[in-house]
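> Here you go, model03.cif (mmCIF, C-alpha atoms):
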data_coords
#
loop_
_atom_site.label_atom_id
_atom_site.label_comp_id
_atom_site.auth_asym_id
_atom_site.auth_seq_id
_atom_site.Cartn_x
_atom_site.Cartn_y
_atom_site.Cartn_z
CA MET A 513 -114.12 36.69 62.16
CA PHE A 514 -114.09 34.24 65.08
CA THR A 515 -117.55 32.96 64.13
CA LEU A 516 -116.45 32.49 60.52
CA ARG A 517 -113.37 30.50 61.54
CA LYS A 518 -115.47 28.41 63.92
CA ASN A 519 -117.91 27.59 61.12
CA ILE A 520 -115.04 26.67 58.78
CA HIS A 521 -113.63 24.28 61.40
CA TRP A 522 -117.01 22.57 61.72
CA GLN A 523 -117.24 22.28 57.94
CA VAL A 524 -113.79 20.64 57.80
CA TRP A 525 -114.73 18.08 60.42
CA LEU A 526 -118.00 17.39 58.66
CA LEU A 527 -116.15 16.91 55.36
CA ILE A 528 -113.73 14.45 56.99
CA LEU A 529 -116.59 12.43 58.48
CA LEU A 530 -118.40 12.42 55.14
CA ALA A 531 -115.24 11.23 53.36
CA LEU A 532 -114.75 8.50 55.96
CA ALA A 533 -118.33 7.28 55.62
CA THR A 534 -118.10 7.30 51.80
CA HIS A 535 -114.78 5.44 51.89
CA ILE A 536 -116.16 2.73 54.19
CA PHE A 537 -119.33 2.36 52.13
CA LEU A 538 -117.39 1.97 48.84
CA LEU A 539 -114.94 -0.55 50.34
CA HIS A 540 -117.77 -2.66 51.72
CA HIS A 541 -120.13 -2.59 48.73
CA ALA A 542 -117.78 -2.07 45.75
CA GLY A 543 -114.66 -3.74 47.18
CA HIS A 544 -116.64 -6.50 48.91
CA LEU A 545 -114.68 -6.12 52.13
CA SER A 546 -116.10 -6.96 55.51
CA TRP A 547 -117.40 -4.09 57.62
CA LEU A 548 -114.44 -4.48 60.01
CA LEU A 549 -111.83 -4.30 57.22
CA ALA A 550 -113.69 -1.45 55.54
CA ILE A 551 -113.78 0.55 58.78
CA GLU A 552 -110.10 -0.07 59.61
CA ASP A 553 -108.99 0.73 56.05
CA GLY A 554 -111.21 3.80 55.97
CA LEU A 555 -109.86 5.13 59.27
CA CYS A 556 -106.24 4.71 58.16
CA SER A 557 -106.78 6.20 54.69
CA THR A 558 -108.85 9.14 55.93
CA PHE A 559 -106.28 9.91 58.63
CA ILE A 560 -103.41 9.88 56.12
CA ILE A 561 -105.30 12.07 53.61
CA SER A 562 -106.42 14.56 56.28
CA LEU A 563 -102.89 14.79 57.69
CA SER A 564 -101.49 15.38 54.19
CA ALA A 565 -104.02 18.12 53.46
CA TRP A 566 -103.26 19.81 56.79
CA LEU A 567 -99.50 19.68 56.13
CA ILE A 568 -100.01 21.16 52.66
CA VAL A 569 -101.98 24.09 54.09
CA LEU A 570 -99.22 24.77 56.64
CA ILE A 571 -96.49 24.56 53.98
CA ILE A 572 -98.33 26.93 51.60
CA ARG A 573 -98.97 29.41 54.41
CA ALA A 574 -95.26 29.34 55.29
CA TYR A 575 -94.28 30.11 51.70
CA PRO A 576 -92.63 33.54 52.00
CA THR A 577 -94.04 35.08 48.81
CA THR A 578 -96.76 34.66 46.20
CA ALA A 579 -94.33 34.46 43.27
CA ALA A 580 -94.60 31.08 41.51
CA ILE A 581 -96.83 29.87 44.29
CA TYR A 582 -99.03 27.68 42.07
CA PRO A 583 -96.16 25.59 40.59
CA TYR A 584 -94.81 25.31 44.12
CA ALA A 585 -98.21 24.13 45.36
CA ILE A 586 -98.51 21.48 42.63
CA LEU A 587 -94.97 20.24 43.33
CA ILE A 588 -95.64 19.98 47.05
CA SER A 589 -98.91 18.16 46.43
CA ALA A 590 -97.18 15.60 44.18
CA ILE A 591 -94.41 14.94 46.72
CA LEU A 592 -96.82 14.63 49.64
CA SER A 593 -99.11 12.39 47.60
CA MET A 594 -96.28 9.90 47.07
CA ILE A 595 -95.28 10.11 50.74
CA ALA A 596 -98.89 9.71 51.89
CA THR A 597 -99.49 6.72 49.59
CA THR A 598 -96.35 4.98 50.86
CA ALA A 599 -97.12 5.79 54.50
CA GLY A 600 -100.71 4.67 54.09
CA TRP A 601 -99.58 1.36 52.58
CA GLU A 602 -97.18 0.71 55.46
CA ILE A 603 -99.69 1.63 58.17
CA ILE A 604 -102.51 -0.43 56.67
CA LYS A 605 -100.14 -3.38 56.11
CA TRP A 606 -99.01 -3.17 59.74
CA TRP A 607 -102.41 -2.61 61.33
CA VAL A 608 -105.03 -4.09 59.01
CA VAL A 609 -103.52 -6.76 56.75
CA LYS A 610 -102.05 -9.10 59.34
CA ASP A 611 -102.51 -12.63 57.95
CA ASN A 612 -105.20 -11.77 55.40
CA ASP A 613 -103.43 -12.58 52.10
CA GLU A 614 -106.54 -11.98 50.02
CA TYR A 615 -106.94 -8.47 51.42
CA LYS A 616 -103.20 -7.86 50.93
CA LYS A 617 -103.44 -8.68 47.23
CA TRP A 618 -106.50 -6.48 46.89
CA LEU A 619 -104.67 -3.66 48.69
CA GLU A 620 -101.65 -3.93 46.39
CA SER A 621 -103.88 -3.72 43.32
CA SER A 622 -105.62 -0.63 44.69
CA ILE A 623 -102.43 1.39 45.31
CA PRO A 624 -102.52 3.25 41.93
CA ILE A 625 -106.14 4.25 42.53
CA ARG A 626 -105.32 5.34 46.08
CA PHE A 627 -102.37 7.42 44.82
CA LEU A 628 -104.54 9.07 42.18
CA PHE A 629 -107.23 9.91 44.71
CA ILE A 630 -104.70 11.23 47.27
CA TRP A 631 -102.98 13.27 44.55
CA MET A 632 -106.30 14.83 43.48
CA VAL A 633 -107.17 15.76 47.08
CA CYS A 634 -103.69 17.14 47.77
CA THR A 635 -103.60 19.12 44.52
CA TRP A 636 -107.00 20.65 45.18
CA THR A 637 -106.00 21.51 48.74
CA ALA A 638 -102.68 23.01 47.62
CA THR A 639 -104.16 25.16 44.84
CA ASN A 640 -106.98 26.26 47.11
CA ALA A 641 -104.51 27.25 49.85
CA ALA A 642 -102.36 29.07 47.27
CA LEU A 643 -105.41 30.92 45.97
CA ARG A 644 -106.42 31.93 49.50
CA LYS A 645 -102.89 33.16 50.20
CA ASN A 646 -102.92 35.18 46.98
CA ILE A 647 -106.28 36.71 47.87
CA ALA A 648 -105.13 37.50 51.42
CA VAL A 649 -101.97 39.21 50.14
CA SER A 650 -103.95 41.15 47.53
CA ASP A 651 -106.49 42.23 50.16
CA SER A 652 -103.69 43.31 52.47
CA ARG A 653 -102.02 45.37 49.73
CA PHE A 654 -105.33 46.89 48.71
CA GLN A 655 -106.08 47.78 52.32
CA GLN A 656 -102.66 49.39 52.69
CA GLN A 657 -103.21 51.43 49.53
CA THR A 658 -106.68 52.40 50.72
CA ASP A 659 -105.37 53.44 54.14
CA ALA A 660 -102.58 55.44 52.52
CA SER A 661 -105.07 57.12 50.19
CA VAL A 662 -107.37 57.98 53.10
CA LEU A 663 -104.48 59.38 55.13
CA LEU A 664 -103.32 61.44 52.14
CA LYS A 665 -106.84 62.74 51.61
CA GLU A 666 -107.24 63.63 55.28
CA ALA A 667 -103.86 65.37 55.28
CA GLU A 668 -104.81 67.45 52.23
CA LEU A 669 -108.18 68.32 53.77
CA PHE A 670 -106.45 69.37 56.99
CA LYS A 671 -103.97 71.46 55.03
CA LEU A 672 -106.78 73.18 53.12
CA ARG A 673 -108.66 73.93 56.32
CA GLN A 674 -105.54 75.36 57.90
CA GLN A 675 -104.83 77.55 54.88
CA LEU A 676 -108.29 79.12 54.87
CA GLN A 677 -108.11 80.63 58.35
CA PRO A 678 -104.95 82.81 58.00
CA HIS A 679 -106.59 84.93 55.28
CA PHE A 680 -109.31 86.07 57.66
CA LEU A 681 -106.91 86.38 60.60
CA TYR A 682 -104.54 88.55 58.56
CA ASN A 683 -107.35 90.94 57.62
CA SER A 684 -108.69 91.08 61.18
CA LEU A 685 -105.28 91.88 62.66
CA ASN A 686 -104.81 94.65 60.09
CA SER A 687 -108.19 96.11 61.08
CA ILE A 688 -107.33 95.92 64.77
CA ASN A 689 -104.03 97.66 64.07
CA ALA A 690 -105.90 100.47 62.30
CA LEU A 691 -108.55 100.77 65.04
CA ILE A 692 -106.03 101.02 67.87
CA MET A 693 -105.16 104.60 66.90
CA ILE A 694 -108.63 105.64 65.73
CA SER A 695 -110.94 103.90 68.18
CA PRO A 696 -109.23 101.91 70.95
CA SER A 697 -112.59 100.78 72.36
CA LYS A 698 -113.59 99.23 69.04
CA ALA A 699 -110.18 97.63 68.74
CA GLN A 700 -110.64 96.10 72.19
CA GLU A 701 -114.14 94.91 71.25
CA MET A 702 -112.84 93.35 68.05
CA ILE A 703 -110.03 91.56 69.91
CA GLY A 704 -112.57 90.02 72.28
CA LYS A 705 -114.82 88.87 69.46
CA LEU A 706 -111.84 87.57 67.48
CA SER A 707 -110.71 85.58 70.52
CA ASP A 708 -114.16 84.00 70.89
CA PHE A 709 -114.26 83.25 67.18
CA LEU A 710 -110.85 81.58 67.15
CA ARG A 711 -111.75 79.54 70.24
CA SER A 712 -114.85 78.33 68.43
CA SER A 713 -112.72 77.49 65.39
CA VAL A 714 -110.39 75.35 67.48
CA GLN A 715 -113.35 73.45 68.96
CA ARG A 716 -114.61 72.69 65.44
CA GLU A 717 -111.28 71.31 64.19
CA SER A 718 -112.12 67.71 65.08
CA GLU A 719 -115.61 67.79 63.53
CA THR A 720 -116.27 66.39 60.07
CA VAL A 721 -119.84 67.72 59.81
CA LEU A 722 -121.94 70.18 61.80
CA SER A 723 -125.62 70.99 61.96
CA VAL A 724 -126.75 74.03 60.00
CA ASN A 725 -127.75 75.83 63.20
CA GLU A 726 -124.22 75.40 64.58
CA GLU A 727 -122.80 76.76 61.33
CA ILE A 728 -125.16 79.76 61.49
CA GLN A 729 -123.93 80.56 65.01
CA TYR A 730 -120.36 80.40 63.73
CA ILE A 731 -121.20 82.66 60.80
CA GLN A 732 -122.85 85.16 63.10
CA SER A 733 -119.70 85.22 65.29
CA TYR A 734 -117.70 85.98 62.16
CA LEU A 735 -120.13 88.70 61.07
CA ALA A 736 -119.93 90.27 64.52
CA ILE A 737 -116.21 90.81 63.94
CA GLU A 738 -116.79 92.22 60.47
CA SER A 739 -119.48 94.56 61.80
CA VAL A 740 -116.85 96.13 64.05
CA ARG A 741 -114.65 96.71 60.98
CA PHE A 742 -117.36 98.11 58.72
CA GLY A 743 -120.01 99.31 61.14
CA ASP A 744 -123.44 100.08 59.64
CA ARG A 745 -122.10 99.69 56.11
CA LEU A 746 -122.45 95.93 56.33
CA VAL A 747 -126.03 94.64 56.16
CA VAL A 748 -126.49 90.86 56.11
CA THR A 749 -129.85 89.13 55.68
CA PHE A 750 -130.67 85.45 56.07
CA GLU A 751 -133.19 83.25 54.30
CA LYS A 752 -133.66 80.00 56.21
CA ASN A 753 -135.67 77.14 54.81
CA PHE A 754 -133.71 74.01 55.56
CA ASP A 755 -134.28 70.54 56.98
CA GLU A 756 -133.63 70.38 60.71
CA ASN A 757 -131.35 67.37 60.19
CA ALA A 758 -129.26 69.06 57.50
CA VAL A 759 -125.50 69.07 58.03
CA LEU A 760 -122.43 70.48 56.30
CA PRO A 761 -118.65 70.34 56.75
CA PRO A 762 -117.15 73.17 58.81
CA PHE A 763 -115.11 76.06 57.41
CA LEU A 764 -116.87 76.25 54.05
CA VAL A 765 -119.32 79.15 54.35
CA GLN A 766 -117.10 81.64 56.19
CA PRO A 767 -114.51 81.97 53.35
CA ILE A 768 -117.37 82.55 50.89
CA LEU A 769 -118.74 85.31 53.11
CA GLU A 770 -115.28 86.80 53.47
CA ASN A 771 -115.00 86.86 49.69
CA ALA A 772 -118.44 88.48 49.37
CA ILE A 773 -117.59 91.19 51.89
CA LYS A 774 -114.25 91.87 50.26
CA PHE A 775 -115.73 92.32 46.79
CA GLY A 776 -119.03 93.81 47.91
CA LEU A 777 -117.71 96.65 50.03
CA TYR A 778 -114.59 97.55 48.04
CA GLY A 779 -114.86 100.98 46.44
CA LYS A 780 -118.25 101.75 48.06
CA THR A 781 -119.04 104.23 50.79
CA GLY A 782 -122.67 103.44 51.54
CA ALA A 783 -124.38 100.45 53.05
CA VAL A 784 -123.97 97.17 51.18
CA ALA A 785 -126.49 94.34 51.51
CA ILE A 786 -125.25 90.76 51.45
CA SER A 787 -127.83 88.00 51.49
CA ILE A 788 -127.37 84.43 52.66
CA SER A 789 -129.89 81.82 51.56
CA ILE A 790 -129.86 78.36 53.18
CA VAL A 791 -132.49 75.97 51.82
CA SER A 792 -133.01 72.23 51.47
CA ASP A 793 -133.75 70.94 48.00
CA ASN A 794 -134.12 67.22 47.18
CA ASN A 795 -131.50 65.79 49.56
CA MET A 796 -129.23 68.74 48.89
CA LEU A 797 -128.45 71.67 51.17
CA VAL A 798 -128.11 74.75 48.96
CA ILE A 799 -126.33 77.81 50.35
CA THR A 800 -126.27 80.94 48.18
CA VAL A 801 -124.32 84.08 49.12
CA SER A 802 -125.11 87.21 47.05
CA ASN A 803 -123.21 90.50 47.08
CA PRO A 804 -123.12 93.62 44.90
CA TYR A 805 -120.57 93.42 42.13
CA ALA A 806 -119.10 96.04 39.84
CA ALA A 807 -116.44 94.83 37.44
CA ASP A 808 -114.82 98.28 37.23
CA GLN A 809 -114.57 98.71 41.02
CA GLN A 810 -112.99 95.59 42.42
CA PRO A 811 -109.95 95.04 44.64
CA PRO A 812 -106.79 93.64 43.12
CA LYS A 813 -106.92 89.90 42.74
CA GLY A 814 -105.23 87.98 45.52
CA THR A 815 -104.18 84.38 45.49
CA GLY A 816 -107.69 83.22 44.63
CA PHE A 817 -107.20 80.46 47.19
CA GLY A 818 -110.54 80.91 49.00
CA LEU A 819 -113.00 79.54 46.45
CA GLU A 820 -110.44 77.20 44.89
CA GLY A 821 -109.65 75.74 48.29
CA ILE A 822 -113.36 75.17 48.94
CA ARG A 823 -113.78 73.57 45.52
CA ARG A 824 -110.87 71.22 46.22
CA ARG A 825 -112.26 70.26 49.63
CA LEU A 826 -115.66 69.49 48.12
CA TYR A 827 -114.07 67.27 45.51
CA LEU A 828 -112.07 65.37 48.14
CA MET A 829 -115.16 64.86 50.30
CA TYR A 830 -117.79 64.14 47.64
CA ALA A 831 -115.82 63.39 44.43
CA ARG A 832 -117.86 66.01 42.56
CA THR A 833 -116.84 69.19 40.77
CA ASP A 834 -120.29 70.78 40.44
CA LEU A 835 -120.94 71.64 44.10
CA LEU A 836 -119.56 75.20 43.99
CA THR A 837 -120.69 77.60 41.27
CA THR A 838 -120.49 81.37 40.77
CA THR A 839 -122.61 83.64 38.60
CA SER A 840 -122.76 87.39 37.98
CA ILE A 841 -126.21 88.75 37.02
CA ASP A 842 -127.37 92.39 36.99
CA GLY A 843 -124.62 93.62 39.30
CA GLN A 844 -125.07 90.76 41.78
CA PHE A 845 -122.38 88.16 42.31
CA ASN A 846 -123.82 84.85 43.50
CA THR A 847 -121.82 82.01 45.01
CA THR A 848 -123.81 78.79 45.34
CA LEU A 849 -122.62 75.94 47.56
CA LYS A 850 -124.35 72.55 47.45
CA ILE A 851 -123.88 69.94 50.15
CA PRO A 852 -125.29 66.42 49.54
CA GLN A 853 -127.44 65.22 52.42
CA ARG A 854 -126.97 61.46 52.40
CA HIS A 855 -129.10 60.87 55.48
CA VAL A 856 -131.97 63.24 54.60
CA GLN A 857 -134.97 61.61 52.93
CA GLY A 858 -136.98 64.70 52.24
CA ASN A 859 -137.45 68.39 52.92
CA THR A 860 -138.98 69.85 56.01
CA ASP A 861 -139.69 73.57 55.76
CA ARG A 862 -139.04 75.60 58.79
#
Starting from the file, lay out its structure as structure tokens.


Amino acid sequence: MFTLRKNIHWQVWLLILLALATHIFLLHHAGHLSWLLAIEDGLCSTFIISLSAWLIVLIIRAYPTTAAIYPYAILISAILSMIATTAGWEIIKWWVVKDNDEYKKWLESSIPIRFLFIWMVCTWTATNAALRKNIAVSDSRFQQQTDASVLLKEAELFKLRQQLQPHFLYNSLNSINALIMISPSKAQEMIGKLSDFLRSSVQRESETVLSVNEEIQYIQSYLAIESVRFGDRLVVTFEKNFDENAVLPPFLVQPILENAIKFGLYGKTGAVAISISIVSDNNMLVITVSNPYAADQQPPKGTGFGLEGIRRRLYLMYARTDLLTTTSIDGQFNTTLKIPQRHVQGNTDR
């Protein structure tokens, strides 16, 4: 910004010098004045015009609003043009004319042309200053609206993230309560793992994106808690084929897994296999969680907030509604999460 203002100042000075040189040249060659008279007249006229333009800019900037600013600018330019023409006449008459009657007559005949020229310069300067003020005010309002929109979006994202965690915490505390009477050692183990998991969650609160490996460690911490609840009944397998630079927002995969465990293990007594596939595909990180599904043996529907909350977060972050899909095929319920990888140029199998 400082460099831009500095360049503008140099351009203004260059424009003034160019106007002065043009004025002197026209007075000497077209007006047939001597070089001395042309230079003196040019200096006075250029000073008056420059001072008028500067005053107009200050007056427009001091205008308290943008309402009716263009009529105001034109009115100010007309008033200052008359003042500048009169002041210029008096200064030139005092400094330049002296006893030169021929030059005085020529000067008097040129006053209408001088007024017209000064009025054109002042009007252009006034409308340009008004336009700049309008643009500046519009930019300021747009920036305020943008900032408010960003803050609102961040607040909603924070709220969604905060709402996801209590579902898991509620279930874990219920399990610990049940294990205290049946198996105190397992209850103690689960409390320790839950403490580590919640500490990790707090550390991730300030992160907008994480590497896939960090997310896998977080998922494994979550699964360690669930394994205490369900023991050998819970079997989780991973398929990893993702780009090493792949990233994803935190707190997206764990609610999907929680949903898969809830619906996969309900009403079953044997082992249940849940698979997690994490692959890179054309600048997209694709995470698929599959669990057994039987429509006639499912827990009562809860609030349904888990997947809906994830879908809302994805829309707020990427402005897309197609990044979370679910399908049910041959007794398998598949939840597919897609995360755009804006920085990834290609796939690297690993």

> Pick out the closest residue to Ile561 (chain A) from this set: A:Gly821, A:Pro761, A:Gly843, A:Gly600. Count only C-alpha atoms.

A:Gly600

> Can you spell out as a count of residues only the set of residues that the PyMOL selection byres ((chain A and resi 826) around 12) selects in the structure I just provided?

32

> Step by step: start from the point (-101.0, 20.7, 39.5) in the file's coordinates, keep every protein, DNA or RNA residue that has an atom no farther than 12 Å from it, count only C-alpha atoms, and write the set as a ChimeraX atom specification.

/A:581-591,593,631-640,642

> Could you check which of A:Val714, A:Met594, A:Val759, A:Leu643 is closest to Ala579 (chain A), using all atoms listed in the file?

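Going through A:Val714, A:Met594, A:Val759, A:Leu643 one by one, the smallest distance to Ala579 (chain A) is for A:Leu643.
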
> For a quick check of understanding, using all atoms listed in the file, which of A:Leu691, A:Leu706, A:Leu681, A:Ile604 has the smallest distance to Glu770 (chain A)?

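Going through A:Leu691, A:Leu706, A:Leu681, A:Ile604 one by one, the smallest distance to Glu770 (chain A) is for A:Leu681.
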
> Just how far from CA of Glu751 (chain A) is CA of Leu722 (chain A), in Å to one decimal?

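Atom-to-atom, CA of Leu722 (chain A) to CA of Glu751 (chain A), that is 18.8 Å.
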
> Could you jot down the CA of Lys605 (chain A) to CA of Ser564 (chain A) separation for me, Å, one decimal place?

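Going from CA of Lys605 (chain A) over to CA of Ser564 (chain A), I get 18.9 Å.
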
> Run through the PyMOL selection byres ((chain A and resi 845) around 9) on the given coordinates and return the selected residues as a list in words.

Ala772, Gly776, Val801, Ser802, Asn803, Pro804, Tyr805, Ala806, Thr838, Thr839, Ser840, Ile841, Asp842, Gly843, Gln844, Asn846 and Thr847 of chain A

> Can I get the selection written as a CSV table (one decimal), in the coordinates of the input, with C-alpha atoms?


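Listed below is the output, out13.csv:
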chain,number,residue,atom,x,y,z
A,772,ALA,CA,-118.4,88.5,49.4
A,776,GLY,CA,-119.0,93.8,47.9
A,801,VAL,CA,-124.3,84.1,49.1
A,802,SER,CA,-125.1,87.2,47.0
A,803,ASN,CA,-123.2,90.5,47.1
A,804,PRO,CA,-123.1,93.6,44.9
A,805,TYR,CA,-120.6,93.4,42.1
A,806,ALA,CA,-119.1,96.0,39.8
A,838,THR,CA,-120.5,81.4,40.8
A,839,THR,CA,-122.6,83.6,38.6
A,840,SER,CA,-122.8,87.4,38.0
A,841,ILE,CA,-126.2,88.8,37.0
A,842,ASP,CA,-127.4,92.4,37.0
A,843,GLY,CA,-124.6,93.6,39.3
A,844,GLN,CA,-125.1,90.8,41.8
A,846,ASN,CA,-123.8,84.8,43.5
A,847,THR,CA,-121.8,82.0,45.0

> Contacts of region 778-794 of chain A at 6 Å or less, counting only C-alpha atoms, minus same-chain residues fewer than 5 places along, as an MDAnalysis selection string?

chainID A and resid 745:755 799:803 809

> Restrict the selected residues to C-alpha atoms and save them as a PDB file, keeping the file's coordinate frame.


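The result, written out as out-v3.pdb:
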ATOM      1  CA  ARG A 745    -122.100  99.690  56.110  1.00  0.00           C
ATOM      2  CA  LEU A 746    -122.450  95.930  56.330  1.00  0.00           C
ATOM      3  CA  VAL A 747    -126.030  94.640  56.160  1.00  0.00           C
ATOM      4  CA  VAL A 748    -126.490  90.860  56.110  1.00  0.00           C
ATOM      5  CA  THR A 749    -129.850  89.130  55.680  1.00  0.00           C
ATOM      6  CA  PHE A 750    -130.670  85.450  56.070  1.00  0.00           C
ATOM      7  CA  GLU A 751    -133.190  83.250  54.300  1.00  0.00           C
ATOM      8  CA  LYS A 752    -133.660  80.000  56.210  1.00  0.00           C
ATOM      9  CA  ASN A 753    -135.670  77.140  54.810  1.00  0.00           C
ATOM     10  CA  PHE A 754    -133.710  74.010  55.560  1.00  0.00           C
ATOM     11  CA  ASP A 755    -134.280  70.540  56.980  1.00  0.00           C
ATOM     12  CA  ILE A 799    -126.330  77.810  50.350  1.00  0.00           C
ATOM     13  CA  THR A 800    -126.270  80.940  48.180  1.00  0.00           C
ATOM     14  CA  VAL A 801    -124.320  84.080  49.120  1.00  0.00           C
ATOM     15  CA  SER A 802    -125.110  87.210  47.050  1.00  0.00           C
ATOM     16  CA  ASN A 803    -123.210  90.500  47.080  1.00  0.00           C
ATOM     17  CA  GLN A 809    -114.570  98.710  41.020  1.00  0.00           C
TER      18      GLN A 809
END
